[in-house]
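The file structure.pdb contains PDB, C-alpha atoms:
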```
MODEL        1
ATOM      1  CA  MET A  66     105.432  88.964 133.076
ATOM      2  CA  ALA A  67     104.499  87.434 129.766
ATOM      3  CA  LEU A  68     103.923  89.885 126.930
ATOM      4  CA  GLY A  69     101.095  87.745 125.649
ATOM      5  CA  ALA A  70      99.108  88.616 128.765
ATOM      6  CA  CYS A  71      98.859  92.284 127.731
ATOM      7  CA  THR A  72      95.702  93.363 125.989
ATOM      8  CA  GLY A  73      94.476  96.480 124.315
ATOM      9  CA  VAL A  74      97.747  97.277 122.535
ATOM     10  CA  LYS A  75      97.037  98.972 119.238
ATOM     11  CA  ALA A  76      99.364  99.421 116.289
ATOM     12  CA  ALA A  77     100.530 102.967 115.635
ATOM     13  CA  ASP A  78      98.844 104.907 112.869
ATOM     14  CA  LEU A  79     100.863 105.603 109.726
ATOM     15  CA  PHE A  80      98.548 108.385 108.593
ATOM     16  CA  ILE A  81      94.978 109.552 108.310
ATOM     17  CA  VAL A  82      93.672 111.179 105.139
ATOM     18  CA  TYR A  83      90.630 113.422 104.964
ATOM     19  CA  ARG A  84      89.494 113.938 101.381
ATOM     20  CA  SER A  85      86.734 116.283 100.314
ATOM     21  CA  GLY A  86      85.554 117.724  97.048
ATOM     22  CA  SER A  87      82.823 118.555  94.600
ATOM     23  CA  THR A  88      81.973 115.053  93.359
ATOM     24  CA  PRO A  89      79.340 112.791  94.943
ATOM     25  CA  HIS A  90      81.824 110.308  96.456
ATOM     26  CA  ALA A  91      84.653 112.729  97.199
ATOM     27  CA  ARG A  92      84.249 112.748 100.995
ATOM     28  CA  LEU A  93      86.497 110.100 102.546
ATOM     29  CA  THR A  94      88.298 109.513 105.817
ATOM     30  CA  MET A  95      90.975 106.818 105.581
ATOM     31  CA  LEU A  96      93.040 105.670 108.554
ATOM     32  CA  VAL A  97      96.005 103.360 107.911
ATOM     33  CA  ASN A  98      98.085 101.771 110.689
ATOM     34  CA  GLU A  99     101.490 100.092 110.686
ATOM     35  CA  GLU A 100      99.990  96.597 110.840
ATOM     36  CA  GLY A 101      98.133  97.109 107.555
ATOM     37  CA  ASP A 102      94.714  97.792 109.036
ATOM     38  CA  VAL A 103      92.665 100.370 107.166
ATOM     39  CA  HIS A 104      89.381 102.038 108.101
ATOM     40  CA  CYS A 105      87.382 103.943 105.509
ATOM     41  CA  ASN A 106      84.728 106.399 106.667
ATOM     42  CA  GLY A 107      84.654 104.846 110.143
ATOM     43  CA  GLY A 108      83.792 101.417 108.740
ATOM     44  CA  PRO A 109      85.101  98.032 109.823
ATOM     45  CA  THR A 110      88.769  97.133 109.977
ATOM     46  CA  LEU A 111      89.997  95.918 106.592
ATOM     47  CA  LYS A 112      93.441  94.614 105.637
ATOM     48  CA  LEU A 113      95.927  95.934 103.128
ATOM     49  CA  SER A 114      97.909  93.430 101.095
ATOM     50  CA  ASP A 115     101.618  93.173 101.869
ATOM     51  CA  SER A 116     102.491  95.263  98.802
ATOM     52  CA  GLN A 117      99.915  97.916  99.726
ATOM     53  CA  LEU A 118     101.328  98.080 103.259
ATOM     54  CA  VAL A 119     104.859  98.522 101.888
ATOM     55  CA  ARG A 120     103.572 101.398  99.723
ATOM     56  CA  ALA A 121     101.762 102.987 102.690
ATOM     57  CA  ARG A 122     104.904 102.823 104.834
ATOM     58  CA  ALA A 123     107.016 104.309 102.032
ATOM     59  CA  ILE A 124     104.508 107.147 101.580
ATOM     60  CA  GLN A 125     104.544 107.846 105.320
ATOM     61  CA  GLU A 126     108.349 108.009 105.335
ATOM     62  CA  GLU A 127     108.416 110.309 102.310
ATOM     63  CA  LEU A 128     105.769 112.576 103.884
ATOM     64  CA  HIS A 129     108.096 113.327 106.810
ATOM     65  CA  ASP A 130     109.593 116.612 105.550
ATOM     66  CA  ALA A 131     106.354 117.972 104.127
ATOM     67  CA  ALA A 132     104.434 117.090 107.304
ATOM     68  CA  THR A 133     107.100 118.457 109.635
ATOM     69  CA  ASN A 134     106.958 121.741 107.716
ATOM     70  CA  HIS A 135     103.128 121.663 107.673
ATOM     71  CA  LEU A 136     103.126 122.015 103.873
ATOM     72  CA  SER A 137      99.967 123.704 102.615
ATOM     73  CA  LEU A 138      99.476 124.109  98.865
ATOM     74  CA  ALA A 139      96.691 126.206  97.372
ATOM     75  CA  PRO A 140      94.275 124.545  94.955
ATOM     76  CA  GLY A 141      94.542 125.434  91.299
ATOM     77  CA  ALA A 142      91.630 126.611  89.189
ATOM     78  CA  GLY A 143      89.111 123.810  88.660
ATOM     79  CA  SER A 144      90.267 121.730  91.612
ATOM     80  CA  VAL A 145      87.974 118.760  92.305
ATOM     81  CA  LEU A 146      89.508 117.052  95.369
ATOM     82  CA  SER A 147      91.193 118.447  98.479
ATOM     83  CA  TYR A 148      93.331 116.442 100.899
ATOM     84  CA  TYR A 149      94.360 116.922 104.508
ATOM     85  CA  VAL A 150      96.865 114.324 105.732
ATOM     86  CA  ARG A 151      97.971 113.925 109.325
ATOM     87  CA  GLU A 152     100.840 111.765 110.488
ATOM     88  CA  GLU A 153     103.051 111.692 113.577
ATOM     89  CA  ASN A 154     105.299 114.543 112.423
ATOM     90  CA  GLY A 155     102.622 117.011 111.357
ATOM     91  CA  ASN A 156     100.197 117.540 108.502
ATOM     92  CA  VAL A 157      99.915 118.420 104.834
ATOM     93  CA  ARG A 158      97.128 120.168 102.889
ATOM     94  CA  PHE A 159      96.868 120.074  99.109
ATOM     95  CA  SER A 160      94.456 119.654  96.224
ATOM     96  CA  ASP A 161      94.406 117.404  93.209
ATOM     97  CA  ASN A 162      95.874 120.152  91.031
ATOM     98  CA  SER A 163      98.008 122.164  93.470
ATOM     99  CA  ALA A 164     101.113 123.560  91.820
ATOM    100  CA  GLY A 165     104.426 122.357  93.201
ATOM    101  CA  ARG A 166     103.179 119.059  94.653
ATOM    102  CA  PRO A 167     106.089 116.811  95.557
ATOM    103  CA  PRO A 168     105.874 113.338  93.980
ATOM    104  CA  VAL A 169     104.873 111.742  97.298
ATOM    105  CA  LEU A 170     101.567 113.635  97.215
ATOM    106  CA  ARG A 171     100.725 112.175  93.808
ATOM    107  CA  GLN A 172     101.629 108.737  95.184
ATOM    108  CA  LEU A 173      99.355 109.362  98.155
ATOM    109  CA  GLN A 174      96.468 110.384  95.869
ATOM    110  CA  LEU A 175      96.830 107.150  93.894
ATOM    111  CA  PHE A 176      97.145 105.065  97.072
ATOM    112  CA  VAL A 177      93.960 106.619  98.494
ATOM    113  CA  LEU A 178      92.026 106.079  95.250
ATOM    114  CA  GLN A 179      93.141 102.472  94.820
ATOM    115  CA  THR A 180      92.655 101.565  98.484
ATOM    116  CA  ALA A 181      89.187 103.127  98.559
ATOM    117  CA  GLN A 182      88.179 101.123  95.499
ATOM    118  CA  GLN A 183      90.003  97.821  95.982
ATOM    119  CA  VAL A 184      90.073  97.409  99.764
ATOM    120  CA  CYS A 185      87.154  99.478 101.034
ATOM    121  CA  HIS A 186      84.987  98.789  97.964
ATOM    122  CA  LEU A 187      83.811 102.390  97.783
ATOM    123  CA  PRO A 188      82.536 103.950  94.560
ATOM    124  CA  GLU A 189      84.768 106.594  93.021
TER
ENDMDL
END
```
Written as structure tokens, how would this file's structure read?
Amino acid sequence: MALGACTGVKAADLFIVYRSGSTPHARLTMLVNEEGDVHCNGGPTLKLSDSQLVRARAIQEELHDAATNHLSLAPGAGSVLSYYVREENGNVRFSDNSAGRPPVLRQLQLFVLQTAQQVCHLPE
């Protein structure tokens, strides 16, 4: 049987991020898969650049321990944005100013912001 004859095979998801907050454009759902496809707020399939995909994969790998342990960090005073991230090993909850955030969560925040603006063309 030829593999090319198979249809409906989808790439695995790297992660999905749900962002919420107190600003007008805070609410965001971003799904990123291993082929570099990204969906923002249920919109059309868009493509990450090769360098963005490498960053997304690195973030997913670095999220492993936090997700496996279901890391949940409380927001600090004056928090504006909250994040819930799900990936194959578990999930992570944190806010933009949670104390004790591992560096990967800051990297994820930047990735989400830049991808929303540059790929999805959403206002921030």
Query raised in the report: Applied to the shown file, which residues does the PyMOL selection byres ((chain A and resi 103) around 10) return, written as a ChimeraX atom specification?
Result: /A:78,81,95-102,104-113,118,180-181,184-185
Query raised in the report: In terms of the shortest atom-to-atom distance over all atoms listed in the file, which of A:Val119, A:Ala76, A:Leu175, A:Ala164 is closest to Ser137 (chain A)?
Result: A:Ala164
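One distance worth recording is that between CA of Glu153 (chain A) and CA of Ala77 (chain A), which is 9.3 Å.
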Report task. Please provide the set of residues having any atom within 12 Å of Val169 (chain A), restricted to only C-alpha atoms, with same-chain residues fewer than 2 positions apart removed, written as a PyMOL selection string. Result -> chain A and resi 120-132+150+157+159+165-167+171-176
Requested in this report: Could you tell me which residues the PyMOL selection byres ((chain A and resi 93) around 6) grabs in this file, written as JSON, numbers by chain?
Outcome: {"A": [83, 84, 92, 94, 106]}
Query - Matched chain/residue IDs from the PyMOL selection byres ((chain A and resi 142) around 12), as a list in words - result: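 Those residues are Ala139, Pro140, Gly141, Gly143, Ser144, Val145, Leu146, Ser160, Asp161, Asn162, Ser163 and Ala164 of chain A.
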Report task. Grab the CA of Ser87 (chain A) to CA of Glu152 (chain A) distance for me, in Å with one decimal place. Result ->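 Separation between CA of Ser87 (chain A) and CA of Glu152 (chain A): 25.0 Å.
The space between CA of Leu187 (chain A) and CA of His90 (chain A) spans 8.3 Å.
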Report summary line: Restricting to all atoms listed in the file, whichever of A:Ser147, A:Gly155, A:Asp115, A:Leu136 is closest to Gly86 (chain A) is A:Ser147
Since the input is missing atoms, can you rebuild N, CA and C atoms for region 146-158 of chain A and write them as an mmCIF file, in the frame of the given file?
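Below is the file that was written, result_4.cif:
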```cif
data_model
loop_
_atom_site.group_PDB
_atom_site.id
_atom_site.type_symbol
_atom_site.label_atom_id
_atom_site.label_comp_id
_atom_site.auth_asym_id
_atom_site.auth_seq_id
_atom_site.Cartn_x
_atom_site.Cartn_y
_atom_site.Cartn_z
ATOM 1 N N LEU A 146 89.295 117.729 94.081
ATOM 2 C CA LEU A 146 89.508 117.052 95.369
ATOM 3 C C LEU A 146 90.531 117.797 96.217
ATOM 4 N N SER A 147 90.262 117.862 97.518
ATOM 5 C CA SER A 147 91.193 118.447 98.479
ATOM 6 C C SER A 147 91.565 117.381 99.503
ATOM 7 N N TYR A 148 92.805 117.432 99.969
ATOM 8 C CA TYR A 148 93.331 116.442 100.899
ATOM 9 C C TYR A 148 93.931 117.133 102.118
ATOM 10 N N TYR A 149 93.691 116.538 103.268
ATOM 11 C CA TYR A 149 94.360 116.922 104.508
ATOM 12 C C TYR A 149 94.895 115.617 105.078
ATOM 13 N N VAL A 150 96.206 115.545 105.260
ATOM 14 C CA VAL A 150 96.865 114.324 105.732
ATOM 15 C C VAL A 150 97.563 114.638 107.049
ATOM 16 N N ARG A 151 97.327 113.774 108.036
ATOM 17 C CA ARG A 151 97.971 113.925 109.325
ATOM 18 C C ARG A 151 98.787 112.665 109.606
ATOM 19 N N GLU A 152 100.002 112.877 110.053
ATOM 20 C CA GLU A 152 100.840 111.765 110.488
ATOM 21 C C GLU A 152 101.632 112.242 111.688
ATOM 22 N N GLU A 153 102.447 111.381 112.287
ATOM 23 C CA GLU A 153 103.051 111.692 113.577
ATOM 24 C C GLU A 153 103.897 112.954 113.596
ATOM 25 N N ASN A 154 104.417 113.381 112.462
ATOM 26 C CA ASN A 154 105.299 114.543 112.423
ATOM 27 C C ASN A 154 104.590 115.858 112.122
ATOM 28 N N GLY A 155 103.336 115.791 111.717
ATOM 29 C CA GLY A 155 102.622 117.011 111.357
ATOM 30 C C GLY A 155 101.526 116.723 110.350
ATOM 31 N N ASN A 156 101.277 117.703 109.475
ATOM 32 C CA ASN A 156 100.197 117.540 108.502
ATOM 33 C C ASN A 156 100.522 118.240 107.196
ATOM 34 N N VAL A 157 99.752 117.874 106.177
ATOM 35 C CA VAL A 157 99.915 118.420 104.834
ATOM 36 C C VAL A 157 98.522 118.693 104.274
ATOM 37 N N ARG A 158 98.370 119.827 103.590
ATOM 38 C CA ARG A 158 97.128 120.168 102.889
ATOM 39 C C ARG A 158 97.471 120.423 101.426
#
```
